[in-house]
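One file, query.cif, is given below (mmCIF, C-alpha atoms).
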data_model
loop_
_atom_site.label_atom_id
_atom_site.label_comp_id
_atom_site.auth_asym_id
_atom_site.auth_seq_id
_atom_site.Cartn_x
_atom_site.Cartn_y
_atom_site.Cartn_z
CA MET A 34 113.42 51.75 93.92
CA ILE A 35 112.52 53.07 97.36
CA ALA A 36 115.96 54.62 97.68
CA VAL A 37 115.52 56.31 94.28
CA ALA A 38 112.15 57.71 95.37
CA GLN A 39 113.58 59.08 98.59
CA SER A 40 116.48 60.60 96.66
CA LEU A 41 114.10 62.45 94.32
CA GLN A 42 112.11 63.76 97.28
CA SER A 43 115.30 65.11 98.81
CA GLU A 44 116.38 66.71 95.54
CA VAL A 45 112.99 68.38 95.08
CA VAL A 46 113.10 69.87 98.58
CA ALA A 47 116.73 70.93 98.09
CA ALA A 48 115.81 72.63 94.80
CA LEU A 49 112.98 74.57 96.45
CA ALA A 50 115.37 75.61 99.23
CA THR A 51 117.40 77.55 96.65
CA VAL A 52 114.41 79.79 95.94
CA VAL A 53 114.35 82.89 98.14
CA ASP A 54 111.77 85.53 98.87
CA PRO A 55 113.32 88.51 97.04
CA GLU A 56 112.54 90.97 99.80
CA LEU A 57 113.17 88.80 102.87
CA ASP A 58 116.27 87.05 101.48
CA GLN A 59 115.27 83.72 103.03
CA PRO A 60 114.42 80.37 101.37
CA ILE A 61 110.72 79.79 100.75
CA THR A 62 111.11 76.44 102.50
CA ASP A 63 112.27 78.14 105.71
CA LEU A 64 109.53 80.75 105.51
CA GLY A 65 106.80 78.13 105.22
CA PHE A 66 105.74 79.25 101.75
CA VAL A 67 105.77 75.69 100.37
CA ARG A 68 102.31 74.34 101.14
CA SER A 69 102.62 70.88 99.63
CA ILE A 70 104.68 68.72 97.29
CA ARG A 71 103.15 65.90 95.27
CA ILE A 72 105.34 63.52 93.29
CA ASP A 73 103.88 60.97 90.90
CA ARG A 74 104.98 58.99 87.88
CA THR A 75 104.51 61.98 85.55
CA GLY A 76 106.32 64.63 87.58
CA VAL A 77 106.03 66.98 90.56
CA THR A 78 103.33 69.43 91.61
CA VAL A 79 104.11 72.09 94.21
CA HIS A 80 101.58 74.38 95.87
CA LEU A 81 102.87 77.67 97.26
CA ARG A 82 101.18 79.99 99.77
CA LEU A 83 101.91 83.52 100.95
CA PRO A 84 101.21 85.48 104.14
CA THR A 85 98.41 87.53 102.56
CA SER A 86 96.26 87.43 99.44
CA PHE A 87 97.51 90.87 98.40
CA CYS A 88 101.29 90.27 98.37
CA ALA A 89 102.77 92.17 95.44
CA PRO A 90 102.08 90.23 92.22
CA ASN A 91 105.63 90.79 90.95
CA PHE A 92 107.10 89.26 94.13
CA ALA A 93 104.65 86.37 93.95
CA TYR A 94 105.37 85.68 90.29
CA LEU A 95 109.12 85.92 90.81
CA MET A 96 109.10 83.28 93.58
CA ALA A 97 106.78 80.95 91.71
CA SER A 98 108.76 81.29 88.49
CA ASP A 99 112.04 80.70 90.32
CA ALA A 100 110.51 77.56 91.85
CA VAL A 101 109.65 76.27 88.38
CA ASP A 102 113.19 76.93 87.15
CA ALA A 103 114.77 75.29 90.22
CA LEU A 104 112.62 72.16 89.93
CA ARG A 105 113.30 71.78 86.22
CA ARG A 106 116.99 71.48 87.02
CA VAL A 107 116.34 68.33 89.08
CA PRO A 108 117.37 65.30 86.97
CA ASP A 109 114.51 63.04 85.85
CA VAL A 110 111.91 65.06 87.72
CA GLY A 111 109.38 64.86 84.89
CA LYS A 112 106.70 67.50 84.36
CA VAL A 113 106.94 70.45 86.75
CA THR A 114 103.78 72.22 87.91
CA VAL A 115 103.88 75.08 90.42
CA LEU A 116 100.61 76.57 91.66
CA LEU A 117 100.18 79.66 93.83
CA ASP A 118 97.21 79.33 96.19
CA ASP A 119 94.93 81.95 97.74
CA HIS A 120 96.39 85.02 96.03
CA HIS A 121 94.23 87.63 94.32
CA ASP A 122 96.14 86.97 91.09
CA SER A 123 96.48 83.18 91.51
CA ASP A 124 94.53 82.33 88.34
CA LYS A 125 96.55 84.74 86.21
CA ILE A 126 99.91 83.72 87.69
CA ASN A 127 99.20 79.99 87.46
CA ALA A 128 98.05 80.32 83.85
CA GLY A 129 101.17 82.30 82.98
CA LEU A 130 103.45 79.74 84.61
CA ALA A 131 101.73 76.86 82.82
CA ALA A 132 102.15 78.61 79.48
CA ASP A 133 105.75 79.71 80.16
CA ALA A 134 104.51 83.19 79.28
CA GLY A 135 106.99 85.10 81.44
CA TYR A 136 106.10 88.04 83.65
CA VAL A 137 105.27 90.52 80.88
CA GLY A 138 103.38 87.87 78.93
CA THR A 139 101.37 87.05 82.05
CA PHE A 140 100.51 90.58 83.18
CA GLY A 141 100.78 92.53 79.93
CA SER A 142 100.34 96.27 80.46
CA GLU A 143 100.00 95.67 84.22
CA ALA A 144 103.67 94.66 84.42
CA GLU A 145 105.10 97.73 86.09
CA GLN A 146 108.73 96.70 86.45
CA ASP A 147 111.18 94.34 84.80
CA LEU A 148 111.69 91.34 87.09
CA ASP A 149 115.43 91.24 86.47
CA GLU A 150 115.78 94.77 87.80
CA LEU A 151 113.56 93.95 90.77
CA ARG A 152 115.76 90.95 91.53
CA ARG A 153 118.89 93.10 91.36
CA ILE A 154 117.44 95.63 93.80
CA PHE A 155 116.84 93.00 96.44
CA GLN A 156 120.11 91.21 95.77
CA ARG A 157 121.88 94.48 96.57
CA LYS A 158 119.90 94.84 99.79
CA ALA A 159 120.83 91.27 100.73
CA HIS A 160 124.50 92.05 100.11
CA THR A 161 124.34 95.16 102.29
CA ALA A 162 122.74 93.23 105.16
CA ALA A 163 125.23 90.35 104.84
CA MET A 164 128.14 92.78 104.86
CA GLU A 165 126.89 94.41 108.06
CA ARG A 166 126.47 91.04 109.79
CA SER A 167 130.01 89.97 108.86
CA VAL A 168 131.64 93.24 109.88
CA MET A 169 129.81 93.54 113.19
CA ALA A 170 130.59 89.91 114.06
CA LEU A 171 134.27 90.68 113.42
CA LEU A 172 134.20 93.82 115.58
CA ARG A 173 132.53 91.94 118.44
CA SER A 174 134.90 88.96 118.38
CA THR A 175 138.29 90.55 117.65
CA GLY A 176 140.31 93.64 118.40
CA THR A 177 139.55 95.12 115.00
CA THR A 178 138.49 98.77 115.15
CA VAL A 179 136.22 100.80 112.91
CA GLU A 180 139.29 102.78 111.77
CA GLN A 181 140.78 99.56 110.36
CA LEU A 182 137.70 98.58 108.36
CA PRO A 183 138.53 100.45 105.10
CA GLY A 184 141.44 98.04 104.53
CA LEU A 185 139.59 94.90 105.65
CA THR A 186 139.70 92.08 103.10
CA LEU A 187 137.55 89.01 102.67
CA GLY A 188 140.51 86.85 103.64
CA GLN A 189 140.61 88.53 107.04
CA LEU A 190 137.02 87.63 107.86
CA PRO A 191 136.64 84.53 110.05
CA GLY A 192 134.99 81.56 108.40
CA GLY A 193 131.41 80.69 109.20
CA SER A 194 127.83 81.26 108.12
CA HIS A 195 128.10 85.07 108.00
CA LYS A 196 131.10 84.98 105.67
CA ASP A 197 129.59 82.23 103.52
CA ALA A 198 126.42 84.28 103.11
CA LEU A 199 128.40 87.40 102.24
CA LEU A 200 130.37 85.56 99.56
CA ARG A 201 127.15 84.24 98.02
CA ARG A 202 125.57 87.69 98.01
CA ARG A 203 128.68 89.27 96.47
CA ALA A 204 128.81 86.65 93.73
CA ALA A 205 125.11 87.21 92.98
CA ILE A 206 125.67 90.90 92.17
CA GLY A 207 128.97 90.38 90.39
CA LEU A 208 131.41 91.46 93.10
CA GLY A 209 134.76 89.78 93.62
CA ILE A 210 135.14 87.01 96.18
CA ARG A 211 138.92 86.69 96.24
CA PRO A 212 140.66 86.77 99.63
CA ASP A 213 142.30 90.13 98.84
CA ASP A 214 139.04 91.84 97.79
CA LEU A 215 137.90 94.60 100.14
CA VAL A 216 134.85 93.93 102.31
CA LEU A 217 133.49 97.47 102.56
CA VAL A 218 132.41 98.31 99.02
CA ASP A 219 129.23 99.65 97.49
CA ASP A 220 126.98 97.69 95.13
CA ASP A 221 129.29 98.47 92.21
CA GLY A 222 132.42 97.35 94.04
CA VAL A 223 133.70 100.87 94.76
CA PRO A 224 135.50 101.00 98.14
CA VAL A 225 133.77 102.97 100.88
CA PRO A 226 135.95 106.03 101.78
CA PRO A 227 137.33 105.94 105.34
CA ASP A 228 135.33 108.98 106.44
CA ALA A 229 132.11 107.40 105.11
CA VAL A 230 132.50 104.05 106.94
CA PRO A 231 130.42 104.93 110.05
CA ALA A 232 127.54 106.22 107.91
CA ARG A 233 127.71 103.17 105.65
CA LEU A 234 127.53 100.85 108.66
CA ARG A 235 124.53 102.73 110.06
CA PHE A 236 122.77 102.46 106.70
CA ALA A 237 123.64 98.76 106.41
CA LYS A 238 122.33 98.12 109.92
CA ALA A 239 119.03 99.76 109.02
CA VAL A 240 118.74 97.58 105.91
CA ARG A 241 119.51 94.43 107.90
CA ILE A 242 116.99 95.25 110.63
CA SER A 243 114.33 95.99 108.01
CA VAL A 244 114.91 92.66 106.24
CA GLU A 245 114.88 90.65 109.47
CA GLY A 246 111.86 92.52 110.83
CA ASN A 247 109.85 91.94 107.66
CA ALA A 248 110.69 88.24 107.74
CA HIS A 249 109.48 87.95 111.34
CA PHE A 250 106.28 89.85 110.48
CA CYS A 251 105.57 87.64 107.46
CA ARG A 252 106.02 84.46 109.48
CA GLY A 253 103.43 85.74 111.94
CA LEU A 254 100.97 86.65 109.20
CA LEU A 255 101.40 83.25 107.55
CA ALA A 256 100.81 81.37 110.82
CA THR A 257 97.71 83.45 111.52
CA ARG A 258 96.32 83.09 108.01
CA TYR A 259 96.67 79.32 107.88
CA ASP A 260 96.12 78.70 111.61
CA ASN A 261 99.42 76.82 111.81
CA GLU A 262 98.46 74.51 108.94
CA PRO A 263 101.61 72.44 108.31
CA GLY A 264 103.51 73.22 105.14
CA GLY A 265 105.91 71.30 102.96
CA LEU A 266 103.89 68.09 103.13
CA ILE A 267 105.14 65.51 100.63
CA THR A 268 102.92 62.99 98.90
CA ASP A 269 104.65 60.44 96.67
CA THR A 270 102.27 58.23 94.72
CA ARG A 271 104.83 56.54 92.50
CA ARG A 272 105.10 52.80 92.75
CA THR A 273 108.14 51.72 94.74
CA THR A 274 108.18 48.11 93.71
#

The structure in this file should be written as structure tokens.
Amino acid sequence: MIAVAQSLQSEVVAALATVVDPELDQPITDLGFVRSIRIDRTGVTVHLRLPTSFCAPNFAYLMASDAVDALRRVPDVGKVTVLLDDHHDSDKINAGLAADAGYVGTFGSEAEQDLDELRRIFQRKAHTAAMERSVMALLRSTGTTVEQLPGLTLGQLPGGSHKDALLRRRAAIGLGIRPDDLVLVDDDGVPVPPDAVPARLRFAKAVRISVEGNAHFCRGLLATRYDNEPGGLITDTRRTT
């Protein structure tokens, strides 16, 4: 029974690790946004926290809702409760999550943007940043030149974390991930013209730096707000006899 309990704990944490901040493109577990996890005989309760109380409500709802969906996919997890702490819309968001009301049902006329479109916007940004990381890593480690990049295929990229991330980001926005698919394409899969490659790389670099800079800034805000209060604490009150 102890082994089963430990397995469920691991699966819960692994499920939460699939949930990413839509703007920062990093797992909420890595960012410290998971405040606590409580597992009992009825199910799992997760408390989330954010760097400030005024983080955009649509971002906050999206992460919390994704956490609910991810946890519900864990076999035999029981009832799933996700609560967002210390946000100016915590009561509204938590009530909407509990009622499965959806974003529009939760915010009504205040819902300014469809969450699916918001998700797509940030998935495209994540793809652009991942593409830049992969291409620049290739240029630094091989004799490949910028002039050769228009014909570069996924199969020519070296294996590793940068390529793995790029493949995941491409799949998320519906781009091909076959070895003969071109690397330098726009968000719709249209190849970047040779004369536009330098400009595309400059743009991609700016996107990547923005994403990484925002992530660093948010980590600092979170640490300051909670005075380095530990996150991700797990309490398991189920009997292990």

Name every residue that the PyMOL selection byres ((chain A and resi 165) around 12) selects in this structure, writing the answer as a ChimeraX atom specification with chains first and numbers rising. /A:158-164,166-172,182,195-196,198-199,216-218,230-242

I need the chosen residues saved as a short mmCIF file (atom, residue, chain, number, x, y, z; two decimals), in the coordinates of the input, with C-alpha atoms.
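Final output, again_20.cif:
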data_model
loop_
_atom_site.label_atom_id
_atom_site.label_comp_id
_atom_site.auth_asym_id
_atom_site.auth_seq_id
_atom_site.Cartn_x
_atom_site.Cartn_y
_atom_site.Cartn_z
CA LYS A 158 119.90 94.84 99.79
CA ALA A 159 120.83 91.27 100.73
CA HIS A 160 124.50 92.05 100.11
CA THR A 161 124.34 95.16 102.29
CA ALA A 162 122.74 93.23 105.16
CA ALA A 163 125.23 90.35 104.84
CA MET A 164 128.14 92.78 104.86
CA ARG A 166 126.47 91.04 109.79
CA SER A 167 130.01 89.97 108.86
CA VAL A 168 131.64 93.24 109.88
CA MET A 169 129.81 93.54 113.19
CA ALA A 170 130.59 89.91 114.06
CA LEU A 171 134.27 90.68 113.42
CA LEU A 172 134.20 93.82 115.58
CA LEU A 182 137.70 98.58 108.36
CA HIS A 195 128.10 85.07 108.00
CA LYS A 196 131.10 84.98 105.67
CA ALA A 198 126.42 84.28 103.11
CA LEU A 199 128.40 87.40 102.24
CA VAL A 216 134.85 93.93 102.31
CA LEU A 217 133.49 97.47 102.56
CA VAL A 218 132.41 98.31 99.02
CA VAL A 230 132.50 104.05 106.94
CA PRO A 231 130.42 104.93 110.05
CA ALA A 232 127.54 106.22 107.91
CA ARG A 233 127.71 103.17 105.65
CA LEU A 234 127.53 100.85 108.66
CA ARG A 235 124.53 102.73 110.06
CA PHE A 236 122.77 102.46 106.70
CA ALA A 237 123.64 98.76 106.41
CA LYS A 238 122.33 98.12 109.92
CA ALA A 239 119.03 99.76 109.02
CA VAL A 240 118.74 97.58 105.91
CA ARG A 241 119.51 94.43 107.90
CA ILE A 242 116.99 95.25 110.63
#

Residues returned when the PyMOL selection byres ((chain A and resi 139-141) around 10) runs on this file, as a tab-separated table (two decimals) with C-alpha atoms, in the coordinates of the input:
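Below is the file expr_15.tsv, written as the result:
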chain	number	residue	atom	x	y	z
A	90	PRO	CA	102.08	90.23	92.22
A	91	ASN	CA	105.63	90.79	90.95
A	94	TYR	CA	105.37	85.68	90.29
A	122	ASP	CA	96.14	86.97	91.09
A	125	LYS	CA	96.55	84.74	86.21
A	126	ILE	CA	99.91	83.72	87.69
A	127	ASN	CA	99.20	79.99	87.46
A	128	ALA	CA	98.05	80.32	83.85
A	129	GLY	CA	101.17	82.30	82.98
A	130	LEU	CA	103.45	79.74	84.61
A	132	ALA	CA	102.15	78.61	79.48
A	133	ASP	CA	105.75	79.71	80.16
A	134	ALA	CA	104.51	83.19	79.28
A	135	GLY	CA	106.99	85.10	81.44
A	136	TYR	CA	106.10	88.04	83.65
A	137	VAL	CA	105.27	90.52	80.88
A	138	GLY	CA	103.38	87.87	78.93
A	142	SER	CA	100.34	96.27	80.46
A	143	GLU	CA	100.00	95.67	84.22
A	144	ALA	CA	103.67	94.66	84.42
A	145	GLU	CA	105.10	97.73	86.09

Specify as a ChimeraX atom specification each residue included when the PyMOL selection byres ((chain A and resi 62) around 12) is applied to this file. /A:45-54,58-61,63-70,79-83,96,100,252,263-266

Could you save the residues just selected, with C-alpha atoms, as a compact mmCIF listing (two decimals), keeping the file's coordinate frame?
# COMPACT_ATOMS: atom_id res chain seq x y z
CA VAL A 45 112.99 68.38 95.08
CA VAL A 46 113.10 69.87 98.58
CA ALA A 47 116.73 70.93 98.09
CA ALA A 48 115.81 72.63 94.80
CA LEU A 49 112.98 74.57 96.45
CA ALA A 50 115.37 75.61 99.23
CA THR A 51 117.40 77.55 96.65
CA VAL A 52 114.41 79.79 95.94
CA VAL A 53 114.35 82.89 98.14
CA ASP A 54 111.77 85.53 98.87
CA ASP A 58 116.27 87.05 101.48
CA GLN A 59 115.27 83.72 103.03
CA PRO A 60 114.42 80.37 101.37
CA ILE A 61 110.72 79.79 100.75
CA ASP A 63 112.27 78.14 105.71
CA LEU A 64 109.53 80.75 105.51
CA GLY A 65 106.80 78.13 105.22
CA PHE A 66 105.74 79.25 101.75
CA VAL A 67 105.77 75.69 100.37
CA ARG A 68 102.31 74.34 101.14
CA SER A 69 102.62 70.88 99.63
CA ILE A 70 104.68 68.72 97.29
CA VAL A 79 104.11 72.09 94.21
CA HIS A 80 101.58 74.38 95.87
CA LEU A 81 102.87 77.67 97.26
CA ARG A 82 101.18 79.99 99.77
CA LEU A 83 101.91 83.52 100.95
CA MET A 96 109.10 83.28 93.58
CA ALA A 100 110.51 77.56 91.85
CA ARG A 252 106.02 84.46 109.48
CA PRO A 263 101.61 72.44 108.31
CA GLY A 264 103.51 73.22 105.14
CA GLY A 265 105.91 71.30 102.96
CA LEU A 266 103.89 68.09 103.13

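Closest approach to Ala89 (chain A) among A:Leu151, A:Gln42, A:Ala103, A:Ala131 is made by A:Leu151 (distances from only C-alpha atoms).
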
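Atom pair CA of Asp149 (chain A) / CA of Val244 (chain A) has a distance of 19.8 Å (rounded to one decimal).
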
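Taking CA of Val107 (chain A) and CA of Glu44 (chain A) as the two end points, the separation is 6.7 Å.
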
Measuring atom to atom with only C-alpha atoms, identify which of A:Asp109, A:Pro191, A:Arg153, A:Ala93 is nearest to Ser174 (chain A).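 Among the listed residues, A:Pro191 lies closest to Ser174 (chain A).
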
Can you rebuild region 36-61 of chain A with N, CA, C and O atoms and give it as an mmCIF file, in the coordinates of the input?
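selection38.cif, written as the output of this step:
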data_model
loop_
_atom_site.group_PDB
_atom_site.id
_atom_site.type_symbol
_atom_site.label_atom_id
_atom_site.label_comp_id
_atom_site.auth_asym_id
_atom_site.auth_seq_id
_atom_site.Cartn_x
_atom_site.Cartn_y
_atom_site.Cartn_z
ATOM 1 N N ALA A 36 114.861 53.683 97.490
ATOM 2 C CA ALA A 36 115.960 54.620 97.680
ATOM 3 C C ALA A 36 115.933 55.708 96.610
ATOM 4 O O ALA A 36 116.206 56.882 96.882
ATOM 5 N N VAL A 37 115.606 55.328 95.366
ATOM 6 C CA VAL A 37 115.520 56.310 94.280
ATOM 7 C C VAL A 37 114.422 57.318 94.566
ATOM 8 O O VAL A 37 114.574 58.522 94.372
ATOM 9 N N ALA A 38 113.262 56.820 95.060
ATOM 10 C CA ALA A 38 112.150 57.710 95.370
ATOM 11 C C ALA A 38 112.522 58.699 96.461
ATOM 12 O O ALA A 38 112.220 59.890 96.375
ATOM 13 N N GLN A 39 113.168 58.201 97.499
ATOM 14 C CA GLN A 39 113.580 59.080 98.590
ATOM 15 C C GLN A 39 114.602 60.100 98.107
ATOM 16 O O GLN A 39 114.598 61.249 98.554
ATOM 17 N N SER A 40 115.478 59.680 97.195
ATOM 18 C CA SER A 40 116.480 60.600 96.660
ATOM 19 C C SER A 40 115.804 61.729 95.886
ATOM 20 O O SER A 40 116.189 62.897 96.026
ATOM 21 N N LEU A 41 114.787 61.419 95.077
ATOM 22 C CA LEU A 41 114.100 62.450 94.320
ATOM 23 C C LEU A 41 113.371 63.407 95.252
ATOM 24 O O LEU A 41 113.376 64.620 95.044
ATOM 25 N N GLN A 42 112.753 62.888 96.297
ATOM 26 C CA GLN A 42 112.110 63.760 97.280
ATOM 27 C C GLN A 42 113.110 64.757 97.851
ATOM 28 O O GLN A 42 112.828 65.952 97.947
ATOM 29 N N SER A 43 114.269 64.246 98.229
ATOM 30 C CA SER A 43 115.300 65.110 98.810
ATOM 31 C C SER A 43 115.767 66.163 97.814
ATOM 32 O O SER A 43 115.985 67.327 98.178
ATOM 33 N N GLU A 44 115.923 65.767 96.558
ATOM 34 C CA GLU A 44 116.380 66.710 95.540
ATOM 35 C C GLU A 44 115.335 67.779 95.257
ATOM 36 O O GLU A 44 115.674 68.945 95.010
ATOM 37 N N VAL A 45 114.066 67.408 95.295
ATOM 38 C CA VAL A 45 112.990 68.380 95.080
ATOM 39 C C VAL A 45 112.986 69.410 96.200
ATOM 40 O O VAL A 45 112.906 70.623 95.961
ATOM 41 N N VAL A 46 113.080 68.950 97.440
ATOM 42 C CA VAL A 46 113.100 69.870 98.580
ATOM 43 C C VAL A 46 114.347 70.757 98.522
ATOM 44 O O VAL A 46 114.273 71.971 98.773
ATOM 45 N N ALA A 47 115.488 70.156 98.181
ATOM 46 C CA ALA A 47 116.730 70.930 98.090
ATOM 47 C C ALA A 47 116.628 71.992 96.996
ATOM 48 O O ALA A 47 117.128 73.117 97.157
ATOM 49 N N ALA A 48 115.981 71.663 95.888
ATOM 50 C CA ALA A 48 115.810 72.630 94.800
ATOM 51 C C ALA A 48 114.942 73.797 95.262
ATOM 52 O O ALA A 48 115.256 74.968 95.008
ATOM 53 N N LEU A 49 113.863 73.515 95.960
ATOM 54 C CA LEU A 49 112.980 74.570 96.450
ATOM 55 C C LEU A 49 113.689 75.440 97.488
ATOM 56 O O LEU A 49 113.398 76.637 97.613
ATOM 57 N N ALA A 50 114.624 74.854 98.214
ATOM 58 C CA ALA A 50 115.370 75.610 99.230
ATOM 59 C C ALA A 50 116.302 76.641 98.617
ATOM 60 O O ALA A 50 116.779 77.538 99.322
ATOM 61 N N THR A 51 116.564 76.547 97.311
ATOM 62 C CA THR A 51 117.400 77.550 96.650
ATOM 63 C C THR A 51 116.599 78.771 96.224
ATOM 64 O O THR A 51 117.177 79.774 95.797
ATOM 65 N N VAL A 52 115.282 78.679 96.330
ATOM 66 C CA VAL A 52 114.410 79.790 95.940
ATOM 67 C C VAL A 52 114.188 80.692 97.149
ATOM 68 O O VAL A 52 113.766 80.226 98.206
ATOM 69 N N VAL A 53 114.477 81.971 97.010
ATOM 70 C CA VAL A 53 114.350 82.890 98.140
ATOM 71 C C VAL A 53 113.269 83.933 97.870
ATOM 72 O O VAL A 53 113.006 84.297 96.724
ATOM 73 N N ASP A 54 112.633 84.368 98.955
ATOM 74 C CA ASP A 54 111.770 85.530 98.870
ATOM 75 C C ASP A 54 112.672 86.715 98.533
ATOM 76 O O ASP A 54 113.645 86.973 99.251
ATOM 77 N N PRO A 55 112.391 87.456 97.462
ATOM 78 C CA PRO A 55 113.320 88.510 97.040
ATOM 79 C C PRO A 55 113.485 89.636 98.046
ATOM 80 O O PRO A 55 114.546 90.260 98.110
ATOM 81 N N GLU A 56 112.455 89.886 98.832
ATOM 82 C CA GLU A 56 112.540 90.970 99.800
ATOM 83 C C GLU A 56 113.107 90.511 101.128
ATOM 84 O O GLU A 56 113.861 91.229 101.789
ATOM 85 N N LEU A 57 112.767 89.289 101.552
ATOM 86 C CA LEU A 57 113.170 88.800 102.870
ATOM 87 C C LEU A 57 114.503 88.072 102.840
ATOM 88 O O LEU A 57 115.091 87.809 103.886
ATOM 89 N N ASP A 58 114.977 87.709 101.640
ATOM 90 C CA ASP A 58 116.270 87.050 101.480
ATOM 91 C C ASP A 58 116.363 85.774 102.323
ATOM 92 O O ASP A 58 117.381 85.512 102.959
ATOM 93 N N GLN A 59 115.290 84.997 102.339
ATOM 94 C CA GLN A 59 115.270 83.720 103.030
ATOM 95 C C GLN A 59 114.608 82.688 102.120
ATOM 96 O O GLN A 59 113.708 83.035 101.342
ATOM 97 N N PRO A 60 115.009 81.404 102.226
ATOM 98 C CA PRO A 60 114.420 80.370 101.370
ATOM 99 C C PRO A 60 112.919 80.217 101.638
ATOM 100 O O PRO A 60 112.463 80.324 102.780
ATOM 101 N N ILE A 61 112.158 79.972 100.587
ATOM 102 C CA ILE A 61 110.720 79.790 100.750
ATOM 103 C C ILE A 61 110.401 78.567 101.598
ATOM 104 O O ILE A 61 109.340 78.507 102.224
#
